[in-house]
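*Asks:* Data file final_5.cif (mmCIF, C-alpha atoms and all ligand atoms) is appended below.
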```cif
data_query
#
loop_
_atom_site.label_atom_id
_atom_site.label_comp_id
_atom_site.auth_asym_id
_atom_site.auth_seq_id
_atom_site.Cartn_x
_atom_site.Cartn_y
_atom_site.Cartn_z
CA MET V 30 0.00 0.00 0.00
CA LYS V 31 1.51 3.33 -1.05
CA LYS V 32 1.41 6.29 1.30
CA GLU V 33 -0.78 8.34 -1.03
CA ALA V 34 -3.42 5.59 -0.71
CA PHE V 35 -4.33 7.03 2.71
CA THR V 36 -7.91 8.30 3.08
CA PRO V 37 -9.64 10.42 5.79
CA TYR V 38 -10.66 8.53 8.96
CA GLN V 39 -14.45 8.02 8.94
CA GLY V 40 -15.03 6.87 12.55
CA ASN V 41 -17.46 8.84 14.74
CA ARG V 42 -16.14 11.48 17.16
CA TYR V 43 -18.13 12.33 20.30
CA PRO V 44 -18.10 15.10 22.92
CA GLU V 45 -16.57 13.97 26.25
CA ASP V 46 -19.86 13.43 28.08
CA GLU V 47 -21.15 11.26 25.27
CA THR V 48 -17.90 9.28 25.26
CA ALA V 49 -18.38 8.58 28.97
CA LYS V 50 -22.01 7.54 28.50
CA ARG V 51 -21.23 5.31 25.52
CA ALA V 52 -18.34 3.61 27.34
CA ALA V 53 -20.50 2.93 30.42
CA ASP V 54 -23.51 1.77 28.39
CA PHE V 55 -21.41 -0.58 26.29
CA ARG V 56 -19.75 -2.01 29.39
CA GLU V 57 -23.18 -2.77 30.84
CA TYR V 58 -24.41 -4.19 27.54
CA MET V 59 -21.43 -6.50 27.09
CA ASP V 60 -21.59 -7.61 30.71
CA LYS V 61 -24.95 -9.24 29.86
CA ARG V 62 -23.24 -11.54 27.36
CA ARG V 63 -23.07 -15.14 28.47
CA SER V 64 -21.89 -18.40 26.96
CA LEU V 65 -24.99 -20.48 26.47
CA ARG V 66 -25.66 -24.16 25.93
CA PHE V 67 -29.41 -23.93 25.42
CA PHE V 68 -30.18 -23.15 21.80
CA SER V 69 -33.58 -22.87 20.19
CA ASP V 70 -33.88 -24.42 16.72
CA LYS V 71 -35.56 -21.21 15.49
CA ALA V 72 -34.07 -20.19 12.14
CA VAL V 73 -31.62 -17.31 11.79
CA SER V 74 -31.38 -15.81 8.30
CA LYS V 75 -28.29 -16.13 6.17
CA SER V 76 -28.09 -12.34 5.88
CA VAL V 77 -27.90 -11.99 9.69
CA ILE V 78 -25.08 -14.55 9.75
CA GLU V 79 -23.33 -12.71 6.93
CA ASP V 80 -23.56 -9.36 8.78
CA ILE V 81 -22.17 -10.95 11.94
CA ILE V 82 -19.30 -12.60 10.08
CA MET V 83 -18.43 -9.45 8.17
CA THR V 84 -18.26 -7.58 11.49
CA ALA V 85 -15.74 -10.20 12.62
CA SER V 86 -13.84 -9.80 9.37
CA SER V 87 -13.47 -6.05 10.07
CA ALA V 88 -11.08 -6.90 12.92
CA PRO V 89 -7.48 -5.69 12.77
CA SER V 90 -4.94 -8.25 11.53
CA GLY V 91 -1.19 -8.49 10.98
CA ALA V 92 -0.31 -6.50 7.83
CA HIS V 93 -4.06 -6.50 7.07
CA LYS V 94 -3.83 -10.06 5.76
CA GLN V 95 -7.19 -11.03 7.33
CA PRO V 96 -5.90 -14.59 7.83
CA TRP V 97 -9.28 -16.22 8.45
CA THR V 98 -12.06 -18.21 6.80
CA PHE V 99 -15.46 -18.49 8.46
CA CYS V 100 -17.37 -21.65 7.53
CA ALA V 101 -21.08 -21.06 8.15
CA VAL V 102 -22.94 -24.38 8.35
CA SER V 103 -26.72 -24.73 8.39
CA SER V 104 -26.87 -28.08 6.56
CA HIS V 105 -28.38 -30.60 8.98
CA ASP V 106 -26.33 -33.39 7.49
CA ILE V 107 -23.01 -31.57 8.05
CA LYS V 108 -24.05 -30.42 11.55
CA SER V 109 -24.79 -34.09 12.44
CA LYS V 110 -21.41 -35.21 11.16
CA ILE V 111 -19.71 -32.47 13.23
CA LYS V 112 -21.70 -33.41 16.35
CA GLU V 113 -20.85 -37.07 15.99
CA ALA V 114 -17.12 -36.42 15.50
CA ALA V 115 -16.95 -33.79 18.29
CA GLU V 116 -18.71 -36.10 20.77
CA LYS V 117 -16.31 -38.91 19.93
CA GLU V 118 -13.32 -36.70 20.83
CA GLU V 119 -15.02 -35.20 23.88
CA PHE V 120 -15.91 -38.66 25.20
CA VAL V 121 -12.19 -39.48 25.25
CA ASN V 122 -11.44 -36.05 26.79
CA TYR V 123 -13.89 -36.49 29.65
CA ASN V 124 -12.88 -40.12 30.20
CA GLY V 125 -9.14 -39.89 30.64
CA ARG V 126 -7.58 -37.26 28.39
CA MET V 127 -8.41 -34.34 30.71
CA SER V 128 -6.67 -34.15 34.10
CA GLU V 129 -8.58 -34.55 37.38
CA GLU V 130 -7.84 -30.88 38.13
CA TRP V 131 -9.30 -29.80 34.79
CA LEU V 132 -12.47 -31.87 35.31
CA LYS V 133 -12.87 -30.37 38.79
CA ASP V 134 -12.48 -26.84 37.37
CA LEU V 135 -15.28 -27.58 34.90
CA GLU V 136 -17.70 -29.03 37.48
CA PRO V 137 -19.51 -25.72 38.18
CA PHE V 138 -20.35 -25.42 34.47
CA GLY V 139 -21.99 -28.84 34.22
CA THR V 140 -20.33 -29.69 30.91
CA ASP V 141 -19.89 -33.23 29.64
CA TRP V 142 -19.18 -35.01 26.36
CA HIS V 143 -22.73 -34.63 25.03
CA LYS V 144 -22.94 -31.78 22.50
CA GLU V 145 -26.60 -31.74 21.38
CA PHE V 146 -26.38 -28.04 20.66
CA LEU V 147 -24.19 -28.80 17.64
CA GLU V 148 -27.29 -30.18 15.90
CA ILE V 149 -29.95 -27.95 17.42
CA ALA V 150 -28.42 -24.49 16.80
CA PRO V 151 -29.46 -23.26 13.33
CA TRP V 152 -25.89 -22.32 12.46
CA LEU V 153 -22.40 -23.47 13.31
CA ILE V 154 -19.62 -21.03 12.51
CA ILE V 155 -16.27 -22.75 12.31
CA VAL V 156 -13.39 -20.30 12.25
CA PHE V 157 -10.25 -21.38 10.41
CA LYS V 158 -6.92 -19.63 10.67
CA ARG V 159 -4.90 -19.32 7.49
CA ALA V 160 -1.24 -19.95 8.30
CA TYR V 161 -0.17 -18.89 4.81
CA GLU V 162 -1.58 -18.02 1.39
CA ASN V 163 -0.88 -19.86 -1.85
CA ILE V 164 -0.28 -17.11 -4.38
CA GLU V 165 0.75 -18.18 -7.86
CA GLY V 166 2.40 -21.29 -6.48
CA ASN V 167 4.28 -19.36 -3.77
CA LYS V 168 3.71 -19.78 -0.05
CA MET V 169 3.16 -16.25 1.34
CA LYS V 170 3.19 -16.23 5.11
CA ASN V 171 0.66 -14.44 7.29
CA TYR V 172 1.64 -12.57 10.45
CA TYR V 173 0.39 -12.81 14.05
CA VAL V 174 -2.15 -15.33 12.89
CA ASN V 175 -3.33 -16.46 16.36
CA GLU V 176 -3.62 -12.91 17.64
CA SER V 177 -5.48 -11.76 14.52
CA VAL V 178 -7.94 -14.65 14.47
CA GLY V 179 -8.46 -14.39 18.24
CA ILE V 180 -9.38 -10.71 17.89
CA ALA V 181 -11.74 -11.51 14.99
CA CYS V 182 -13.46 -14.11 17.19
CA GLY V 183 -13.93 -11.42 19.86
CA PHE V 184 -15.61 -9.22 17.27
CA LEU V 185 -17.72 -12.20 16.17
CA ILE V 186 -18.92 -12.95 19.70
CA SER V 187 -19.73 -9.26 20.28
CA ALA V 188 -21.69 -9.08 16.99
CA ILE V 189 -23.67 -12.21 17.93
CA HIS V 190 -24.54 -10.68 21.32
CA ASN V 191 -25.45 -7.34 19.73
CA ALA V 192 -27.97 -9.12 17.47
CA GLY V 193 -29.69 -10.71 20.50
CA LEU V 194 -28.37 -14.11 19.58
CA VAL V 195 -26.22 -16.43 21.69
CA THR V 196 -23.14 -18.55 21.21
CA LEU V 197 -20.64 -20.74 22.98
CA THR V 198 -16.92 -20.87 22.30
CA HIS V 199 -16.63 -24.59 21.73
CA THR V 200 -13.13 -25.97 21.41
CA PRO V 201 -13.40 -29.68 20.64
CA SER V 202 -9.95 -31.12 20.96
CA PRO V 203 -8.27 -32.28 18.81
CA MET V 204 -10.24 -30.56 16.09
CA ASN V 205 -8.69 -31.75 12.85
CA PHE V 206 -11.95 -33.62 12.10
CA LEU V 207 -13.38 -30.20 11.14
CA GLN V 208 -10.71 -29.90 8.45
CA ASN V 209 -11.84 -33.21 6.96
CA ILE V 210 -15.60 -32.81 7.25
CA LEU V 211 -15.49 -29.29 5.76
CA GLU V 212 -12.82 -30.28 3.22
CA ARG V 213 -10.64 -27.26 3.99
CA PRO V 214 -7.35 -26.71 2.17
CA GLU V 215 -3.93 -27.44 3.65
CA ASN V 216 -3.17 -23.79 4.56
CA GLU V 217 -6.18 -23.62 6.92
CA ARG V 218 -6.39 -24.91 10.50
CA PRO V 219 -9.52 -25.04 12.69
CA PHE V 220 -9.43 -22.38 15.41
CA LEU V 221 -12.84 -22.19 17.10
CA LEU V 222 -16.35 -23.59 16.67
CA LEU V 223 -19.30 -21.37 17.56
CA PRO V 224 -22.93 -22.53 17.47
CA VAL V 225 -25.18 -19.51 16.85
CA GLY V 226 -28.89 -19.14 17.45
CA TYR V 227 -31.62 -17.84 19.73
CA PRO V 228 -31.64 -18.89 23.38
CA THR V 229 -34.44 -21.20 24.55
CA GLU V 230 -37.11 -19.54 26.75
CA ASP V 231 -35.93 -21.44 29.82
CA ALA V 232 -32.17 -21.11 29.19
CA VAL V 233 -30.02 -21.03 32.34
CA VAL V 234 -26.37 -20.08 32.87
CA PRO V 235 -23.97 -20.84 35.71
CA SER V 236 -24.13 -18.11 38.38
CA LEU V 237 -20.59 -16.88 38.04
CA LYS V 238 -19.07 -13.60 39.12
CA ARG V 239 -16.69 -11.60 36.96
CA LYS V 240 -13.47 -10.07 38.26
CA GLY V 241 -13.69 -6.39 39.20
CA PRO V 242 -11.48 -3.49 38.04
CA ASP V 243 -9.06 -3.86 40.95
CA GLN V 244 -8.46 -7.49 39.98
CA VAL V 245 -7.85 -6.99 36.26
CA ILE V 246 -6.43 -3.46 35.89
CA GLN V 247 -3.07 -2.18 37.08
CA TYR V 248 -2.90 1.58 36.56
CA TYR V 249 0.38 3.45 36.04
CA ASP V 250 -0.82 7.08 36.18
N1 LIG Q 1 -13.70 -28.87 25.24
C1 LIG Q 1 -14.48 -29.51 26.28
C2 LIG Q 1 -14.04 -29.17 27.65
C3 LIG Q 1 -14.14 -27.76 28.12
C4 LIG Q 1 -12.99 -27.08 28.44
C5 LIG Q 1 -13.04 -25.83 28.94
I1 LIG Q 1 -11.33 -24.89 29.52
C6 LIG Q 1 -14.29 -25.18 29.13
O1 LIG Q 1 -14.34 -23.90 29.65
C7 LIG Q 1 -15.44 -25.86 28.82
C8 LIG Q 1 -15.38 -27.17 28.29
C9 LIG Q 1 -15.97 -29.22 26.06
O2 LIG Q 1 -16.30 -28.46 25.15
O3 LIG Q 1 -16.79 -29.78 26.77
#
```
Translate the structure described by the file into structure tokens.

*Replies:*
Amino acid sequence: MKKEAFTPYQGNRYPEDETAKRAADFREYMDKRRSLRFFSDKAVSKSVIEDIIMTASSAPSGAHKQPWTFCAVSSHDIKSKIKEAAEKEEFVNYNGRMSEEWLKDLEPFGTDWHKEFLEIAPWLIIVFKRAYENIEGNKMKNYYVNESVGIACGFLISAIHNAGLVTLTHTPSPMNFLQNILERPENERPFLLLPVGYPTEDAVVPSLKRKGPDQVIQYYD
């Protein structure tokens, strides 16, 4: 990108009092976000999913390479295949692969190897990181791939919450089965799986407490 390709910044600018109100309101709004395991099968339109994904794709990335592919799955057949393969791995995780300490840490969340939500949620978004690009037969490497894709997933989760929908950051492990089921190319690696949909009427969440400012911020002023 040449220097003369610069263009005026289009972001909104606010007076100080409005900045303060917006920051506080958004904090409160985002604090209502929860990871949810109770999905309704109510349909979500493709255009909503596309808006959410394109919000994620607006995230900053190393050298603006946008090293991500979002696979949006609503096919029941593919969702079933993913559920079956994920449960197979999770069964092994919960029955020996995870340490006693890990299982104890998860107890309050009531998770187990059953992953019904992978079939019930109307959409599964599987995020792939792109380690490199194949350009005219050359391997062109991407930069800060994990950081970039992690940030994009943060945008994705925020966009889902903003639309009144819910998700869960599901990390089946190992997750190479996603590569096979979705027939992704060699330069892509599965990063995160997010079911997306409406919450059920009677959805519940673990009653957890978030850390406060004095636990997560160290000021140097
Ligand atoms: N991947 C497993 C286990 C799991 C691990 C963590 I760390 C969690 O916060 C929740 C679950 C699963 O999806 O059940």

*Asks:* So that I can check the surroundings of stretch 136-139 of chain V, please list as an MDAnalysis selection string every protein, DNA and RNA residue that reaches within 9 Å of it, counting all atoms listed in the file and ignoring chain neighbours fewer than 3 positions away.

*Replies:* chainID V and resid 131:133 234:237

*Asks:* Give me, please, the distance in Å between atom CA of V:Thr198 and atom CA of V:Leu65, quoted to one decimal.

*Replies:*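 Atom CA of V:Leu65 lies at a distance of 9.1 Å from atom CA of V:Thr198.
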
*Asks:* Quick one: distance from atom CA of V:Met83 to atom CA of V:His199 in Å, one decimal?

*Replies:*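 These two atoms are separated by 20.4 Å.
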
*Asks:* Smallest atom-to-atom distance to V:Tyr123: which of V:His143, V:His105, V:Lys75, V:Lys110, using all atoms listed in the file?

*Replies:*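 For V:Tyr123, the nearest of the given residues is V:His143.
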
*Asks:* Quick one: distance from atom CA of V:Phe220 to atom CA of V:Glu145 in Å, one decimal?

*Replies:*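 Atom CA of V:Glu145 lies 20.4 Å from atom CA of V:Phe220.
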
*Asks:* Let me have the centre and edge lengths in Å, one decimal, of the box along x, y and z around every listed atom of ligand LIG 1 (chain Q) with 4 Å of margin on each side, as AutoDock Vina command-line options.

*Replies:*
```
--center_x -14.1 --center_y -26.8 --center_z 27.4 --size_x 13.5 --size_y 13.9 --size_z 12.5
```

*Asks:* Smallest atom-to-atom distance to V:Arg66: which of V:Val245, V:Cys182, V:Ala188, V:Leu147, using only C-alpha atoms?

*Replies:* V:Leu147

*Asks:* Would you name the residues within 7 Å of ligand LIG 1 (chain Q), counting all atoms listed in the file, and put them as a list of chain:residue names?

*Replies:*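 The residues near ligand LIG 1 (chain Q) are V:Glu119, V:Leu135, V:Thr140, V:Asp141, V:Trp142, V:His199, V:Thr200, V:Pro201, V:Ser202.
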
*Asks:* Show which residues sit within 10 Å of V:Arg213, as a list in words. Count all atoms listed in the file, and ignore same-chain residues fewer than 4 positions away.

*Replies:* Thr98, Cys100, Phe157, Leu207, Gln208, Asn209, Glu217, Arg218 and Pro219 of chain V

*Asks:* Taking into account only C-alpha atoms, which residue in the set V:Tyr38, V:Phe146, V:Phe67, V:Phe184 is nearest to V:Asp80?

*Replies:*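 Counting only C-alpha atoms, the residue closest to V:Asp80 is V:Phe184.
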
*Asks:* With distances taken over only C-alpha atoms, which residue among V:Lys50, V:Lys158, V:Lys112, V:His93 lies nearest V:Asn216?

*Replies:*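 Closest to V:Asn216 of all the choices is V:Lys158.
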
*Asks:* Here is a test: counting all atoms listed in the file, which residue of V:Thr36, V:Ser87, V:Ser74, V:Thr196 is nearest to V:Ser103?

*Replies:*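 Among the listed residues, V:Ser74 lies closest to V:Ser103.
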